[in-house]
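The structure appears right after this line, and notes come after that.
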Amino acid sequence: MEKAAQIQMLTDFSNANAVPGFEHEFVKMFVDRIKPYADIEIDGMLNVYASKKENQGKRPVIQLDAHSDAVGFMTQAVRPNGLLKFVPLGGWVKYNIPGTKVKVRNKEGAYIPGVVATKPPHFMAAGEGDKVPEIAEMQIDVGSSSRKETLEVFKIDTGCPIFVDVDCQYNEQTEVFFGKDFDDRFGAAVMVNLLEELQGKQTNLDVVCALSSQEEVGLRGAYVTARKIKPDVAIVLESCPADDTFEPDWLSQTGMKRGPMLRDMDKTFIPNPIFQQYVCELADQRKIPYTRSVRTGGGQDGAAIYYENGAPTIVIGIPVRYEHSPYCFASYQDYQASLALALAIVEDLTVEKLASFKQPRL
């Protein structure tokens with residue numbers, strides 16, 4: 001895929017509306033992009049299984065994973081004044097939410113613009129402006145004047161999903177994207193480009209790309225995809241939080257324009273160390289930049305896939321600044337390096353190398 005087409009795909013993927021349980025719009029977009037290169041199946045949870053057309057069906061399987069959902073909100077109730085009480089979908093920090101522009105998908109499927117309401121400073125008591133309210137106290141205004149208007153005119157009620165409303169922009173000079181939901185739309189795009197690059201080519205393993213749903217609320221889709229695919233080895237393509245704007249240089253392990261992050265630990269996952277080392281050596285041979293990280297928080301689909309049947313699993317992370325907020329930055333060159341590394345692994349892996357990942361070493 002040409003660079004301009006990649007940039008357009010990444011922009012379109014970022015702009016798509018998909019929160020946990022409501023991934024429909026992005027799933028359709030992803031399937032339309034990947035179906036020329038794969039046989040497609042979609043289950044009732046909106047997990048997508050994209051099997052390389054040249055698969056033979058009798059070889060070990062490498063599963064690639066990315067997730068379709070992004071953090072967002074859901075309408076819990078409509079207040080008497082017409083504003084929405086909402087709950088978070090995924091890991092939000094409360095101080096990132098006030099003032100966020102959103103869109104609510106109403107019961108008829110229309111998108112209604114709104115904003116997480118904030119009190120003007122004119123009405124605040126002394127010191128009140130220094131405090132961030134709890135999420136349960138926040139509300140979303142869609143321009144309604146009453147509960148009746150919200151229910152009957154705006155057609156918004158309990159259960160309506162709420163999406164961050166930010167348009168993706170690309171700076172051609174710096175090759176940096178600014179927008180929302182790069183977690184994990186960039187990982188999904190890698191799978192599209194990878195299958196495109198492998199079109200018509202033989203690999204040593206069968207390749208299945210899974211787009212998993214509901215990652216942000218507990219890795220739920222990945223448990224299902226791993227159970228169905230039963231991979232022998234797995235690569236998780238995850239957009240990961242960059243730390244280069246707030247950690248000292250010696251501690252920063254995920255920086256924009258430093259290549260993908262290979263995750264050595266988070267609170268849910270430790271990768272297969274032999275597979276991890278193989279990938280590092282392969283990246284060094286191919287001169288693909290990368291970093292390694294040990295995290296005390298976070299989690300991703302690799303945990304679910306690894307837990308399901310013990311298939312050696314690693315995580316390739318595409319750095320994103322200010323992840324799980326409405327406004328993020330990500331680098332095109334990090335995307336390219338992540339794609340190059342994933343492609344190198346899939347093309348280089350053999351049955352013999354896979355077997356070596358399962359042998360204990362001292």
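Just remember, in the structure tokens the first chain shown is A, the second B, etc., residues are 1-based per chain, and ligands are 1-based in the order shown.
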Any chance you could tabulate, as a tab-separated table, the residues of stretch 1-46 of chain A at most 12 Å from stretch 224-229 of chain A with each one's nearest atom pair and distance in Å to one decimal, using only C-alpha atoms, in chain and rising number order?
residue	atom	partner	partner_atom	distance
A:Glu41	CA	A:Thr225	CA	11.1
A:Ile42	CA	A:Thr225	CA	10.4
A:Asp43	CA	A:Thr225	CA	9.4
A:Gly44	CA	A:Val224	CA	10.7
A:Met45	CA	A:Val224	CA	8.8
A:Leu46	CA	A:Thr225	CA	10.5
From the DSSP assignment of the backbone, select every residue of stretch 178-317 of chain A that is alpha helix (DSSP H), and format the answer as number ranges by chain. A: 182-197, 220-229, 273-286, 301-309
Please report, as a tab-separated table, each residue of stretch 285-353 of chain A lying at most 7 Å from stretch 196-217 of chain A, together with the nearest pair of atoms and the separation in Å rounded to one decimal; use only C-alpha atoms, and order rows by chain and ascending residue number.
residue	atom	partner	partner_atom	distance
A:Asp301	CA	A:Glu215	CA	6.7
A:Glu347	CA	A:Thr203	CA	6.0
A:Leu349	CA	A:Asn204	CA	6.7
A:Thr350	CA	A:Asn204	CA	5.5
So that I have them on file, write out the residues from the current selection with all heavy atoms, as a PDB file, in the first residue's frame.
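Okay, this is what ended up in result_14.pdb:
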ATOM      1  N   ASP A 301      -4.480  -7.639  25.258  1.00  0.00           N
ATOM      2  CA  ASP A 301      -5.002  -8.926  24.808  1.00  0.00           C
ATOM      3  C   ASP A 301      -4.004 -10.072  24.905  1.00  0.00           C
ATOM      4  O   ASP A 301      -4.396 -11.241  24.921  1.00  0.00           O
ATOM      5  CB  ASP A 301      -5.481  -8.817  23.355  1.00  0.00           C
ATOM      6  CG  ASP A 301      -6.857  -8.189  23.237  1.00  0.00           C
ATOM      7  OD1 ASP A 301      -7.548  -8.075  24.261  1.00  0.00           O
ATOM      8  OD2 ASP A 301      -7.242  -7.808  22.111  1.00  0.00           O
ATOM      9  N   GLU A 347       7.279 -13.866   8.293  1.00  0.00           N
ATOM     10  CA  GLU A 347       8.015 -14.446   7.168  1.00  0.00           C
ATOM     11  C   GLU A 347       9.173 -15.327   7.629  1.00  0.00           C
ATOM     12  O   GLU A 347       9.544 -16.289   6.940  1.00  0.00           O
ATOM     13  CB  GLU A 347       8.547 -13.327   6.267  1.00  0.00           C
ATOM     14  CG  GLU A 347       7.451 -12.585   5.514  1.00  0.00           C
ATOM     15  CD  GLU A 347       7.990 -11.485   4.622  1.00  0.00           C
ATOM     16  OE1 GLU A 347       8.988 -10.847   5.006  1.00  0.00           O
ATOM     17  OE2 GLU A 347       7.403 -11.257   3.555  1.00  0.00           O
ATOM     18  N   LEU A 349       9.474 -16.995  10.767  1.00  0.00           N
ATOM     19  CA  LEU A 349       9.156 -18.094  11.674  1.00  0.00           C
ATOM     20  C   LEU A 349       9.052 -19.419  10.927  1.00  0.00           C
ATOM     21  O   LEU A 349       8.469 -19.503   9.848  1.00  0.00           O
ATOM     22  CB  LEU A 349       7.844 -17.827  12.409  1.00  0.00           C
ATOM     23  CG  LEU A 349       7.928 -17.239  13.810  1.00  0.00           C
ATOM     24  CD1 LEU A 349       6.541 -17.064  14.394  1.00  0.00           C
ATOM     25  CD2 LEU A 349       8.770 -18.124  14.738  1.00  0.00           C
ATOM     26  N   THR A 350       9.586 -20.459  11.540  1.00  0.00           N
ATOM     27  CA  THR A 350       9.466 -21.822  11.025  1.00  0.00           C
ATOM     28  C   THR A 350       8.933 -22.725  12.138  1.00  0.00           C
ATOM     29  O   THR A 350       8.899 -22.330  13.317  1.00  0.00           O
ATOM     30  CB  THR A 350      10.823 -22.364  10.566  1.00  0.00           C
ATOM     31  OG1 THR A 350      11.702 -22.428  11.712  1.00  0.00           O
ATOM     32  CG2 THR A 350      11.437 -21.485   9.487  1.00  0.00           C
TER      33      THR A 350
END
Any idea what's packed within 9 Å of stretch 319-324 of chain A, counting only C-alpha atoms, ignoring anything in its chain fewer than 4 positions away? Could you give it as JSON, numbers by chain? {"A": [70, 71, 72, 90, 91, 92, 93, 96, 180, 181, 182, 183, 238, 239, 240, 241, 242, 243, 244, 245, 254, 255, 256, 257, 258, 259, 260, 261, 328, 329, 330, 331, 334, 335]}
Using only C-alpha atoms, which protein or nucleic acid residues come within 9 Å of A:Pro133? Drop anything in the same chain fewer than 5 positions from it, and give the result as a PDB file with N, CA and C atoms, in the first residue's frame.
ATOM      1  N   LYS A  94     -10.252  10.821  35.595  1.00  0.00           N
ATOM      2  CA  LYS A  94     -11.352  11.779  35.649  1.00  0.00           C
ATOM      3  C   LYS A  94     -10.971  13.174  35.164  1.00  0.00           C
ATOM      4  N   TYR A  95      -9.710  13.591  35.359  1.00  0.00           N
ATOM      5  CA  TYR A  95      -9.366  14.957  34.962  1.00  0.00           C
ATOM      6  C   TYR A  95      -9.225  15.112  33.444  1.00  0.00           C
ATOM      7  N   PRO A  98     -13.720  16.336  31.700  1.00  0.00           N
ATOM      8  CA  PRO A  98     -14.512  17.571  31.578  1.00  0.00           C
ATOM      9  C   PRO A  98     -14.164  18.386  30.333  1.00  0.00           C
ATOM     10  N   MET A 138     -20.416  13.947  36.912  1.00  0.00           N
ATOM     11  CA  MET A 138     -20.351  14.653  35.630  1.00  0.00           C
ATOM     12  C   MET A 138     -21.612  14.392  34.814  1.00  0.00           C
TER      13      MET A 138
END
Check the DSSP output for the backbone and give back, as a ChimeraX atom specification, the residues of stretch 103-326 of chain A in strand (DSSP E or B). /A:103-105,111-116,140-141,161-164,169-171,176-179,206-212,233-241,261-266,269,291-294,313-321
Contacts of A:Phe163 within 7 Å, only C-alpha atoms, excl. fewer than 5 positions in-chain, as a short mmCIF file (atom, residue, chain, number, x, y, z; two decimals) with all heavy atoms, in the first residue's frame:
data_model
loop_
_atom_site.label_atom_id
_atom_site.label_comp_id
_atom_site.auth_asym_id
_atom_site.auth_seq_id
_atom_site.Cartn_x
_atom_site.Cartn_y
_atom_site.Cartn_z
N ASN A 17 -16.19 5.41 14.82
CA ASN A 17 -16.81 5.39 16.14
C ASN A 17 -16.94 3.94 16.62
O ASN A 17 -17.68 3.16 16.01
CB ASN A 17 -18.19 6.04 16.09
CG ASN A 17 -18.12 7.48 15.59
OD1 ASN A 17 -17.47 8.31 16.19
ND2 ASN A 17 -18.78 7.76 14.46
N VAL A 19 -16.84 1.94 20.56
CA VAL A 19 -16.54 1.74 21.97
C VAL A 19 -16.94 0.32 22.33
O VAL A 19 -17.61 -0.36 21.56
CB VAL A 19 -17.28 2.77 22.86
CG1 VAL A 19 -16.80 4.18 22.56
CG2 VAL A 19 -18.79 2.66 22.69
N GLY A 72 -14.59 5.05 25.83
CA GLY A 72 -15.72 5.95 25.59
C GLY A 72 -16.63 5.95 26.80
O GLY A 72 -16.18 5.76 27.94
N PHE A 73 -17.93 6.11 26.56
CA PHE A 73 -18.89 6.20 27.65
C PHE A 73 -20.21 5.55 27.23
O PHE A 73 -20.42 5.24 26.06
CB PHE A 73 -19.15 7.67 28.02
CG PHE A 73 -17.91 8.48 28.23
CD1 PHE A 73 -17.41 9.32 27.23
CD2 PHE A 73 -17.20 8.41 29.43
CE1 PHE A 73 -16.26 10.07 27.42
CE2 PHE A 73 -16.05 9.15 29.63
CZ PHE A 73 -15.57 9.98 28.62
N VAL A 102 -18.18 15.24 22.50
CA VAL A 102 -18.60 13.86 22.29
C VAL A 102 -19.73 13.81 21.26
O VAL A 102 -20.26 14.84 20.83
CB VAL A 102 -19.09 13.21 23.61
CG1 VAL A 102 -17.98 13.17 24.64
CG2 VAL A 102 -20.32 13.94 24.16
N LYS A 103 -20.05 12.59 20.84
CA LYS A 103 -21.25 12.37 20.04
C LYS A 103 -21.96 11.16 20.62
O LYS A 103 -21.34 10.17 21.01
CB LYS A 103 -20.92 12.17 18.57
CG LYS A 103 -19.97 11.03 18.26
CD LYS A 103 -19.77 10.83 16.76
CE LYS A 103 -18.95 11.93 16.14
NZ LYS A 103 -18.57 11.58 14.72
N VAL A 104 -23.28 11.26 20.73
CA VAL A 104 -24.11 10.20 21.30
C VAL A 104 -24.87 9.55 20.16
O VAL A 104 -25.52 10.24 19.37
CB VAL A 104 -25.11 10.77 22.34
CG1 VAL A 104 -25.88 9.63 23.01
CG2 VAL A 104 -24.39 11.62 23.38
#
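Closest approach to A:Arg59 among A:Ala110, A:Ala303, A:Val233, A:Ala344: A:Val233, based on only C-alpha atoms.
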Which residues are close to stretch 278-286 of chain A, i.e. within 9 Å by only C-alpha atoms, leaving aside same-chain residues fewer than 5 positions away? Reply as an MDAnalysis selection string. chainID A and resid 262 273 314 340:341 344:345 348 353 357
Write the selection just made, keeping N, CA and C atoms, as an mmCIF file, in the first residue's frame?
data_model
loop_
_atom_site.group_PDB
_atom_site.id
_atom_site.type_symbol
_atom_site.label_atom_id
_atom_site.label_comp_id
_atom_site.auth_asym_id
_atom_site.auth_seq_id
_atom_site.Cartn_x
_atom_site.Cartn_y
_atom_site.Cartn_z
ATOM 1 N N LEU A 262 8.553 -3.445 22.760
ATOM 2 C CA LEU A 262 8.381 -4.857 23.083
ATOM 3 C C LEU A 262 8.218 -4.974 24.595
ATOM 4 N N PRO A 273 9.825 -15.620 27.097
ATOM 5 C CA PRO A 273 11.114 -14.913 26.989
ATOM 6 C C PRO A 273 11.963 -15.356 25.805
ATOM 7 N N ILE A 314 3.925 -12.519 22.251
ATOM 8 C CA ILE A 314 4.620 -11.252 22.488
ATOM 9 C C ILE A 314 3.681 -10.104 22.133
ATOM 10 N N ALA A 340 6.936 -3.438 9.798
ATOM 11 C CA ALA A 340 8.129 -4.144 9.325
ATOM 12 C C ALA A 340 8.515 -5.277 10.264
ATOM 13 N N LEU A 341 8.400 -5.031 11.572
ATOM 14 C CA LEU A 341 8.774 -6.061 12.538
ATOM 15 C C LEU A 341 7.777 -7.223 12.512
ATOM 16 N N ALA A 344 8.391 -9.225 9.389
ATOM 17 C CA ALA A 344 9.633 -9.999 9.480
ATOM 18 C C ALA A 344 9.425 -11.270 10.295
ATOM 19 N N ILE A 345 8.688 -11.173 11.392
ATOM 20 C CA ILE A 345 8.437 -12.348 12.236
ATOM 21 C C ILE A 345 7.636 -13.395 11.475
ATOM 22 N N ASP A 348 9.740 -15.030 8.799
ATOM 23 C CA ASP A 348 10.927 -15.751 9.257
ATOM 24 C C ASP A 348 10.607 -16.987 10.092
ATOM 25 N N LYS A 353 11.723 -23.174 14.701
ATOM 26 C CA LYS A 353 11.901 -22.032 15.601
ATOM 27 C C LYS A 353 10.775 -21.950 16.616
ATOM 28 N N PHE A 357 10.750 -22.221 21.163
ATOM 29 C CA PHE A 357 10.155 -21.319 22.155
ATOM 30 C C PHE A 357 9.560 -22.095 23.329
#
Non-local contacts of A:Gly114 (9 Å; only C-alpha atoms; under 4 positions in same chain excluded) as a ChimeraX atom specification: /A:100-104,140-143,165
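Closest to A:Pro161 among A:Pro312, A:Gly21, A:Pro326, A:Pro113 is A:Gly21, based on only C-alpha atoms.
Take the candidates A:Glu149, A:Glu172, A:Val132, A:Gln277 and check each one against A:Gly82 using only C-alpha atoms; the shortest distance goes to A:Glu149.
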Show me, as a tab-separated table, the residues of stretch 60-83 of chain A having an atom within 10 Å of stretch 150-153 of chain A, each with the closest atom pair and its distance in Å, using only C-alpha atoms.
residue	atom	partner	partner_atom	distance
A:Val78	CA	A:Thr150	CA	7.5
A:Arg79	CA	A:Thr150	CA	9.2
A:Pro80	CA	A:Thr150	CA	9.6
A:Asn81	CA	A:Thr150	CA	9.1
A:Gly82	CA	A:Thr150	CA	5.5
A:Leu83	CA	A:Thr150	CA	7.8
What separation in Å, quoted to one decimal, exists between atom CA of A:Asp249 and atom CA of A:Thr296? 18.0 Å
Of the candidates A:Ala189, A:Ala4, A:Val164, A:Leu64, which one gets nearest to A:Val115 if we count only C-alpha atoms?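 The answer is A:Val164, which sits nearest to A:Val115.
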Ranking A:Asp184, A:Asp232, A:Asp69, A:Glu247 by minimum distance to A:Gly317 and counting only C-alpha atoms, which one comes first?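 Between A:Asp184, A:Asp232, A:Asp69, A:Glu247, the residue approaching A:Gly317 most closely is A:Asp184.
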